[in-house]
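Asker: My structure is in input_0.cif, and what it holds is mmCIF, C-alpha atoms, pLDDT in the B column; chains and numbers go by the auth columns:
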data_coords
#
loop_
_atom_site.group_PDB
_atom_site.id
_atom_site.type_symbol
_atom_site.label_atom_id
_atom_site.label_comp_id
_atom_site.label_asym_id
_atom_site.label_seq_id
_atom_site.Cartn_x
_atom_site.Cartn_y
_atom_site.Cartn_z
_atom_site.B_iso_or_equiv
_atom_site.auth_seq_id
_atom_site.auth_asym_id
ATOM 1 C CA MET A 1 92.557 -1.683 -38.212 80.00 1 A
ATOM 2 C CA ILE A 2 91.412 -1.409 -34.609 89.00 2 A
ATOM 3 C CA ALA A 3 94.577 -1.643 -32.489 90.00 3 A
ATOM 4 C CA HIS A 4 93.005 -1.316 -29.043 93.00 4 A
ATOM 5 C CA VAL A 5 89.803 -0.374 -27.280 95.00 5 A
ATOM 6 C CA ARG A 6 89.479 1.360 -23.924 96.00 6 A
ATOM 7 C CA GLY A 7 86.142 1.429 -22.182 95.00 7 A
ATOM 8 C CA GLN A 8 83.829 -0.189 -19.710 96.00 8 A
ATOM 9 C CA VAL A 9 82.805 -3.851 -19.705 96.00 9 A
ATOM 10 C CA ALA A 10 79.078 -3.597 -20.443 95.00 10 A
ATOM 11 C CA GLU A 11 78.228 -7.292 -20.938 95.00 11 A
ATOM 12 C CA LYS A 12 79.903 -10.688 -20.629 94.00 12 A
ATOM 13 C CA PHE A 13 79.120 -13.770 -22.715 91.00 13 A
ATOM 14 C CA ALA A 14 80.650 -17.264 -22.862 86.00 14 A
ATOM 15 C CA ASN A 15 84.015 -16.169 -24.289 89.00 15 A
ATOM 16 C CA SER A 16 83.541 -12.525 -25.167 94.00 16 A
ATOM 17 C CA VAL A 17 82.683 -9.164 -23.689 96.00 17 A
ATOM 18 C CA ILE A 18 81.100 -6.006 -24.985 96.00 18 A
ATOM 19 C CA ILE A 19 83.256 -2.962 -24.287 96.00 19 A
ATOM 20 C CA ASP A 20 81.322 0.308 -24.224 96.00 20 A
ATOM 21 C CA VAL A 21 83.550 2.991 -25.742 95.00 21 A
ATOM 22 C CA GLN A 22 81.691 6.296 -25.374 94.00 22 A
ATOM 23 C CA GLY A 23 78.357 4.775 -26.356 93.00 23 A
ATOM 24 C CA VAL A 24 79.632 2.347 -29.003 95.00 24 A
ATOM 25 C CA GLY A 25 79.762 -1.320 -28.019 95.00 25 A
ATOM 26 C CA TYR A 26 82.590 -3.478 -29.383 95.00 26 A
ATOM 27 C CA GLU A 27 82.233 -7.233 -28.992 95.00 27 A
ATOM 28 C CA VAL A 28 85.668 -8.640 -28.221 96.00 28 A
ATOM 29 C CA THR A 29 86.542 -12.344 -28.007 96.00 29 A
ATOM 30 C CA LEU A 30 88.974 -13.057 -25.148 96.00 30 A
ATOM 31 C CA THR A 31 91.127 -15.896 -23.924 94.00 31 A
ATOM 32 C CA ALA A 32 89.682 -17.789 -20.966 93.00 32 A
ATOM 33 C CA ILE A 33 92.310 -16.254 -18.682 92.00 33 A
ATOM 34 C CA ASP A 34 91.569 -12.657 -19.708 93.00 34 A
ATOM 35 C CA PHE A 35 87.824 -13.335 -19.576 94.00 35 A
ATOM 36 C CA ASP A 36 88.066 -14.517 -15.958 92.00 36 A
ATOM 37 C CA THR A 37 89.955 -11.387 -14.879 92.00 37 A
ATOM 38 C CA LEU A 38 87.314 -8.942 -16.139 93.00 38 A
ATOM 39 C CA SER A 39 84.151 -8.001 -14.272 92.00 39 A
ATOM 40 C CA LEU A 40 81.113 -6.032 -15.353 93.00 40 A
ATOM 41 C CA GLU A 41 81.643 -2.268 -15.222 92.00 41 A
ATOM 42 C CA ASP A 42 85.468 -2.587 -15.118 92.00 42 A
ATOM 43 C CA THR A 43 87.256 0.046 -17.171 94.00 43 A
ATOM 44 C CA VAL A 44 89.803 -1.764 -19.320 95.00 44 A
ATOM 45 C CA LYS A 45 92.189 -1.350 -22.222 95.00 45 A
ATOM 46 C CA LEU A 46 92.331 -4.331 -24.552 95.00 46 A
ATOM 47 C CA TYR A 47 94.863 -4.703 -27.346 95.00 47 A
ATOM 48 C CA THR A 48 92.885 -6.031 -30.275 96.00 48 A
ATOM 49 C CA TYR A 49 93.395 -7.980 -33.452 95.00 49 A
ATOM 50 C CA HIS A 50 90.809 -7.124 -36.111 94.00 50 A
ATOM 51 C CA HIS A 51 90.164 -10.324 -38.078 94.00 51 A
ATOM 52 C CA ILE A 52 88.306 -9.850 -41.360 92.00 52 A
ATOM 53 C CA ARG A 53 86.816 -12.797 -43.202 88.00 53 A
ATOM 54 C CA GLU A 54 84.549 -12.976 -46.210 88.00 54 A
ATOM 55 C CA GLN A 55 81.352 -13.041 -44.162 90.00 55 A
ATOM 56 C CA ALA A 56 82.377 -11.684 -40.768 89.00 56 A
ATOM 57 C CA GLU A 57 84.581 -9.289 -38.864 92.00 57 A
ATOM 58 C CA GLU A 58 85.808 -10.217 -35.386 94.00 58 A
ATOM 59 C CA LEU A 59 87.824 -8.500 -32.680 95.00 59 A
ATOM 60 C CA PHE A 60 90.115 -10.640 -30.556 96.00 60 A
ATOM 61 C CA GLY A 61 91.275 -8.910 -27.382 96.00 61 A
ATOM 62 C CA PHE A 62 94.202 -9.240 -24.991 95.00 62 A
ATOM 63 C CA THR A 63 95.080 -7.515 -21.729 93.00 63 A
ATOM 64 C CA SER A 64 98.780 -7.407 -22.673 92.00 64 A
ATOM 65 C CA LEU A 65 100.629 -6.508 -25.839 91.00 65 A
ATOM 66 C CA ALA A 66 102.794 -9.624 -25.436 89.00 66 A
ATOM 67 C CA ALA A 67 99.673 -11.806 -25.684 93.00 67 A
ATOM 68 C CA LYS A 68 98.563 -10.005 -28.839 94.00 68 A
ATOM 69 C CA LYS A 69 101.996 -10.440 -30.439 93.00 69 A
ATOM 70 C CA LEU A 70 102.055 -14.148 -29.569 94.00 70 A
ATOM 71 C CA PHE A 71 98.539 -14.474 -31.025 95.00 71 A
ATOM 72 C CA GLU A 72 99.756 -12.874 -34.276 95.00 72 A
ATOM 73 C CA LEU A 73 102.665 -15.327 -34.389 94.00 73 A
ATOM 74 C CA LEU A 74 100.325 -18.264 -33.769 95.00 74 A
ATOM 75 C CA ILE A 75 97.935 -17.358 -36.592 95.00 75 A
ATOM 76 C CA SER A 76 100.906 -17.062 -38.960 94.00 76 A
ATOM 77 C CA VAL A 77 101.340 -20.848 -38.619 94.00 77 A
ATOM 78 C CA GLN A 78 99.629 -22.815 -41.392 93.00 78 A
ATOM 79 C CA GLY A 79 96.518 -24.529 -40.046 91.00 79 A
ATOM 80 C CA ILE A 80 96.213 -22.345 -36.934 94.00 80 A
ATOM 81 C CA GLY A 81 93.325 -19.927 -37.142 93.00 81 A
ATOM 82 C CA PRO A 82 92.230 -17.318 -34.627 94.00 82 A
ATOM 83 C CA LYS A 83 90.058 -19.731 -32.635 94.00 83 A
ATOM 84 C CA ALA A 84 92.868 -22.281 -32.279 95.00 84 A
ATOM 85 C CA ALA A 85 95.297 -19.500 -31.329 95.00 85 A
ATOM 86 C CA MET A 86 92.870 -18.297 -28.649 96.00 86 A
ATOM 87 C CA ALA A 87 92.546 -21.873 -27.367 95.00 87 A
ATOM 88 C CA ILE A 88 96.346 -22.137 -27.092 96.00 88 A
ATOM 89 C CA LEU A 89 96.544 -18.808 -25.251 95.00 89 A
ATOM 90 C CA SER A 90 93.738 -19.964 -22.934 94.00 90 A
ATOM 91 C CA LEU A 91 95.913 -22.797 -21.612 93.00 91 A
ATOM 92 C CA ALA A 92 97.879 -20.582 -19.209 91.00 92 A
ATOM 93 C CA PRO A 93 99.295 -17.068 -18.825 90.00 93 A
ATOM 94 C CA VAL A 94 101.056 -15.849 -21.974 89.00 94 A
ATOM 95 C CA GLU A 95 104.577 -16.256 -20.563 86.00 95 A
ATOM 96 C CA GLU A 96 103.948 -19.906 -19.750 88.00 96 A
ATOM 97 C CA VAL A 97 102.598 -20.576 -23.266 91.00 97 A
ATOM 98 C CA ARG A 98 105.560 -18.738 -24.809 90.00 98 A
ATOM 99 C CA ASN A 99 107.949 -20.791 -22.704 87.00 99 A
ATOM 100 C CA ALA A 100 106.227 -24.044 -23.700 88.00 100 A
ATOM 101 C CA ILE A 101 106.796 -23.144 -27.354 91.00 101 A
ATOM 102 C CA ALA A 102 110.398 -22.066 -26.680 87.00 102 A
ATOM 103 C CA ASN A 103 111.010 -25.405 -24.925 84.00 103 A
ATOM 104 C CA ALA A 104 109.454 -27.341 -27.865 86.00 104 A
ATOM 105 C CA ASP A 105 106.722 -28.798 -25.648 87.00 105 A
ATOM 106 C CA ALA A 106 104.264 -29.945 -28.337 89.00 106 A
ATOM 107 C CA GLY A 107 102.357 -32.020 -25.778 90.00 107 A
ATOM 108 C CA TYR A 108 101.527 -28.872 -23.830 91.00 108 A
ATOM 109 C CA VAL A 109 100.356 -27.000 -26.948 92.00 109 A
ATOM 110 C CA SER A 110 98.231 -29.959 -28.095 92.00 110 A
ATOM 111 C CA LYS A 111 96.163 -29.702 -24.876 93.00 111 A
ATOM 112 C CA ALA A 112 94.343 -26.732 -26.427 92.00 112 A
ATOM 113 C CA ALA A 113 90.848 -27.412 -27.728 91.00 113 A
ATOM 114 C CA GLY A 114 90.898 -28.033 -31.474 88.00 114 A
ATOM 115 C CA VAL A 115 94.689 -28.354 -31.696 91.00 115 A
ATOM 116 C CA GLY A 116 95.949 -31.793 -32.619 91.00 116 A
ATOM 117 C CA LYS A 117 99.403 -33.278 -32.314 92.00 117 A
ATOM 118 C CA LYS A 118 100.455 -32.362 -35.871 93.00 118 A
ATOM 119 C CA SER A 119 99.254 -28.779 -35.513 92.00 119 A
ATOM 120 C CA ALA A 120 101.059 -28.462 -32.178 92.00 120 A
ATOM 121 C CA GLU A 121 104.282 -29.772 -33.731 93.00 121 A
ATOM 122 C CA ARG A 122 103.911 -27.292 -36.598 94.00 122 A
ATOM 123 C CA VAL A 123 103.529 -24.462 -34.059 93.00 123 A
ATOM 124 C CA ILE A 124 106.739 -25.585 -32.356 92.00 124 A
ATOM 125 C CA VAL A 125 108.709 -25.901 -35.601 92.00 125 A
ATOM 126 C CA ASP A 126 107.524 -22.556 -36.980 92.00 126 A
ATOM 127 C CA LEU A 127 107.692 -20.469 -33.807 91.00 127 A
ATOM 128 C CA ARG A 128 110.371 -21.911 -31.538 85.00 128 A
ATOM 129 C CA ASP A 129 113.015 -19.505 -32.839 84.00 129 A
ATOM 130 C CA LYS A 130 110.584 -16.576 -33.046 87.00 130 A
ATOM 131 C CA VAL A 131 109.265 -16.492 -29.472 85.00 131 A
ATOM 132 C CA GLY A 132 112.549 -15.896 -27.687 76.00 132 A
ATOM 133 C CA LEU A 133 114.502 -17.914 -25.181 71.00 133 A
ATOM 134 C CA PRO A 134 112.787 -19.816 -22.374 69.00 134 A
ATOM 135 C CA THR A 135 112.792 -17.998 -19.056 64.00 135 A
ATOM 136 C CA TYR A 136 111.381 -19.997 -16.166 49.00 136 A
ATOM 137 C CA TYR A 137 109.178 -22.622 -17.784 38.00 137 A
ATOM 138 C CA GLY A 138 108.100 -25.320 -15.366 45.00 138 A
ATOM 139 C CA ARG A 139 109.790 -23.744 -12.340 38.00 139 A
ATOM 140 C CA LYS A 140 107.595 -23.676 -9.236 36.00 140 A
ATOM 141 C CA THR A 141 109.695 -21.155 -7.288 36.00 141 A
ATOM 142 C CA GLU A 142 110.205 -17.469 -7.851 40.00 142 A
ATOM 143 C CA PRO A 143 111.985 -16.565 -11.082 42.00 143 A
ATOM 144 C CA GLU A 144 115.684 -15.923 -10.741 44.00 144 A
ATOM 145 C CA ARG A 145 117.365 -12.611 -11.450 42.00 145 A
ATOM 146 C CA GLY A 146 117.066 -11.910 -15.147 45.00 146 A
ATOM 147 C CA ALA A 147 113.987 -14.072 -15.675 48.00 147 A
ATOM 148 C CA ILE A 148 111.168 -12.164 -17.322 49.00 148 A
ATOM 149 C CA PRO A 149 107.975 -12.174 -15.230 50.00 149 A
ATOM 150 C CA MET A 150 104.521 -12.835 -16.667 47.00 150 A
ATOM 151 C CA ASN A 151 102.598 -9.793 -17.968 58.00 151 A
ATOM 152 C CA ASP A 152 105.805 -7.776 -17.956 73.00 152 A
ATOM 153 C CA GLU A 153 105.137 -4.086 -18.550 79.00 153 A
ATOM 154 C CA ALA A 154 108.752 -3.540 -19.643 83.00 154 A
ATOM 155 C CA LEU A 155 108.368 -6.248 -22.302 80.00 155 A
ATOM 156 C CA ASP A 156 105.141 -4.614 -23.511 78.00 156 A
ATOM 157 C CA ALA A 157 106.815 -1.195 -23.595 82.00 157 A
ATOM 158 C CA LEU A 158 109.770 -2.445 -25.647 82.00 158 A
ATOM 159 C CA MET A 159 107.388 -4.064 -28.134 77.00 159 A
ATOM 160 C CA ALA A 160 105.449 -0.795 -28.324 78.00 160 A
ATOM 161 C CA LEU A 161 108.776 0.855 -29.224 81.00 161 A
ATOM 162 C CA GLY A 162 109.070 -1.498 -32.196 79.00 162 A
ATOM 163 C CA PHE A 163 111.023 -4.438 -30.759 78.00 163 A
ATOM 164 C CA THR A 164 109.937 -7.908 -31.820 75.00 164 A
ATOM 165 C CA LEU A 165 108.965 -10.341 -29.064 73.00 165 A
ATOM 166 C CA VAL A 166 112.312 -12.124 -29.490 73.00 166 A
ATOM 167 C CA ASP A 167 114.375 -8.909 -29.405 78.00 167 A
ATOM 168 C CA ALA A 168 112.476 -7.532 -26.400 79.00 168 A
ATOM 169 C CA THR A 169 112.977 -10.811 -24.535 78.00 169 A
ATOM 170 C CA LYS A 170 116.708 -10.822 -25.309 80.00 170 A
ATOM 171 C CA ALA A 171 117.073 -7.168 -24.308 83.00 171 A
ATOM 172 C CA LEU A 172 115.516 -7.864 -20.889 82.00 172 A
ATOM 173 C CA GLU A 173 117.414 -11.100 -20.207 80.00 173 A
ATOM 174 C CA GLY A 174 120.225 -9.682 -18.096 80.00 174 A
ATOM 175 C CA VAL A 175 118.206 -6.903 -16.487 84.00 175 A
ATOM 176 C CA ASN A 176 117.282 -7.267 -12.814 83.00 176 A
ATOM 177 C CA ASN A 177 113.503 -7.677 -12.616 81.00 177 A
ATOM 178 C CA GLN A 178 113.464 -6.045 -9.163 84.00 178 A
ATOM 179 C CA LEU A 179 114.097 -2.626 -10.767 86.00 179 A
ATOM 180 C CA SER A 180 111.210 -0.324 -11.663 87.00 180 A
ATOM 181 C CA VAL A 181 109.666 -0.670 -15.121 85.00 181 A
ATOM 182 C CA GLU A 182 111.313 2.562 -16.306 88.00 182 A
ATOM 183 C CA GLU A 183 114.757 1.480 -15.049 87.00 183 A
ATOM 184 C CA ARG A 184 114.386 -1.953 -16.678 88.00 184 A
ATOM 185 C CA ILE A 185 113.487 -0.343 -20.016 87.00 185 A
ATOM 186 C CA ARG A 186 116.442 2.051 -19.740 87.00 186 A
ATOM 187 C CA GLU A 187 118.837 -0.843 -18.960 86.00 187 A
ATOM 188 C CA ALA A 188 117.442 -2.926 -21.827 86.00 188 A
ATOM 189 C CA LEU A 189 117.910 -0.051 -24.259 87.00 189 A
ATOM 190 C CA LYS A 190 121.506 0.474 -23.048 82.00 190 A
ATOM 191 C CA SER A 191 122.325 -3.183 -23.736 76.00 191 A
ATOM 192 C CA ARG A 192 121.268 -2.904 -27.389 69.00 192 A
#
The structure in this file should be written as structure tokens.
Answerer:
Amino acid sequence: MIAHVRGQVAEKFANSVIIDVQGVGYEVTLTAIDFDTLSLEDTVKLYTYHHIREQAEELFGFTSLAAKKLFELLISVQGIGPKAAMAILSLAPVEEVRNAIANADAGYVSKAAGVGKKSAERVIVDLRDKVGLPTYYGRKTEPERGAIPMNDEALDALMALGFTLVDATKALEGVNNQLSVEERIREALKSR
């Protein structure tokens, strides 16, 4: 299993990049959002999901561990394959997608290419309790104290320590997001 790759972006295609890792090129399929943030010759670390099928092996990459974990939850839903999961994650930043699922917004999920109404409803039913509580879904202003920001390094760190996405979200709920990442992690661990 290839858990992550760190290297330089050597080439970009329609929805994937080739990451040069010390002379070996790994083709990694990305969400539209992650794809847009990368430029040629950037040095990046991508968390990867190694998908093995009968006739092919594919790497799906994510700039955050939270995105990878949400991807793994999405493909656990019957009828949602890796391409549909990537389409769902391409709708918006990972926190917004997670919040849409937590708020049971099947209409939002069904906007993804290749995801119909029934599949979107199945995603909501299967994952609503697994993705954690909503934080600031739909809010146009700054998140309030305790709201978990998008691409949260503290959330990623807690998941790297073995927390599930739900447990990491709950642990960070009451922690002031103005603190440093290290302080937020320490406070979250104290609350457990």
Asker: What is the distance between atom CA of A:Asp129 and atom CA of A:Leu189, in Å to one decimal?
Answerer: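 Result for atom CA of A:Asp129 versus atom CA of A:Leu189: 21.8 Å, one decimal.
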Asker: Taking the file as I've supplied it (selection: the PyMOL selection byres ((chain A and resi 65-69) around 8)), which residues are included? Please answer as a list in words.
Answerer: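 For this structure, the PyMOL selection byres ((chain A and resi 65-69) around 8) resolves to Tyr47, Thr48, Tyr49, Gly61, Phe62, Thr63, Ser64, Leu70, Phe71, Glu72, Leu73, Leu89, Val94, Asn151, Leu155, Asp156, Met159, Ala160 and Leu165 of chain A.
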Asker: Find the distance between atom CA of A:Val17 and atom CA of A:Thr31 and write it in Å to one decimal.
Answerer: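 Answer for the atom CA of A:Val17 to atom CA of A:Thr31 separation: 10.8 Å.
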Asker: Which residues fall under the PyMOL selection byres ((chain A and resi 191) around 12) in this file, as a ChimeraX atom specification?
Answerer: /A:167-168,170-175,184-190,192
Asker: Between A:Ser119, A:Thr43, A:Gln55, A:Ser110, which one has atoms that come closest to A:Ile80, using all atoms listed in the file?
Answerer: A:Ser119
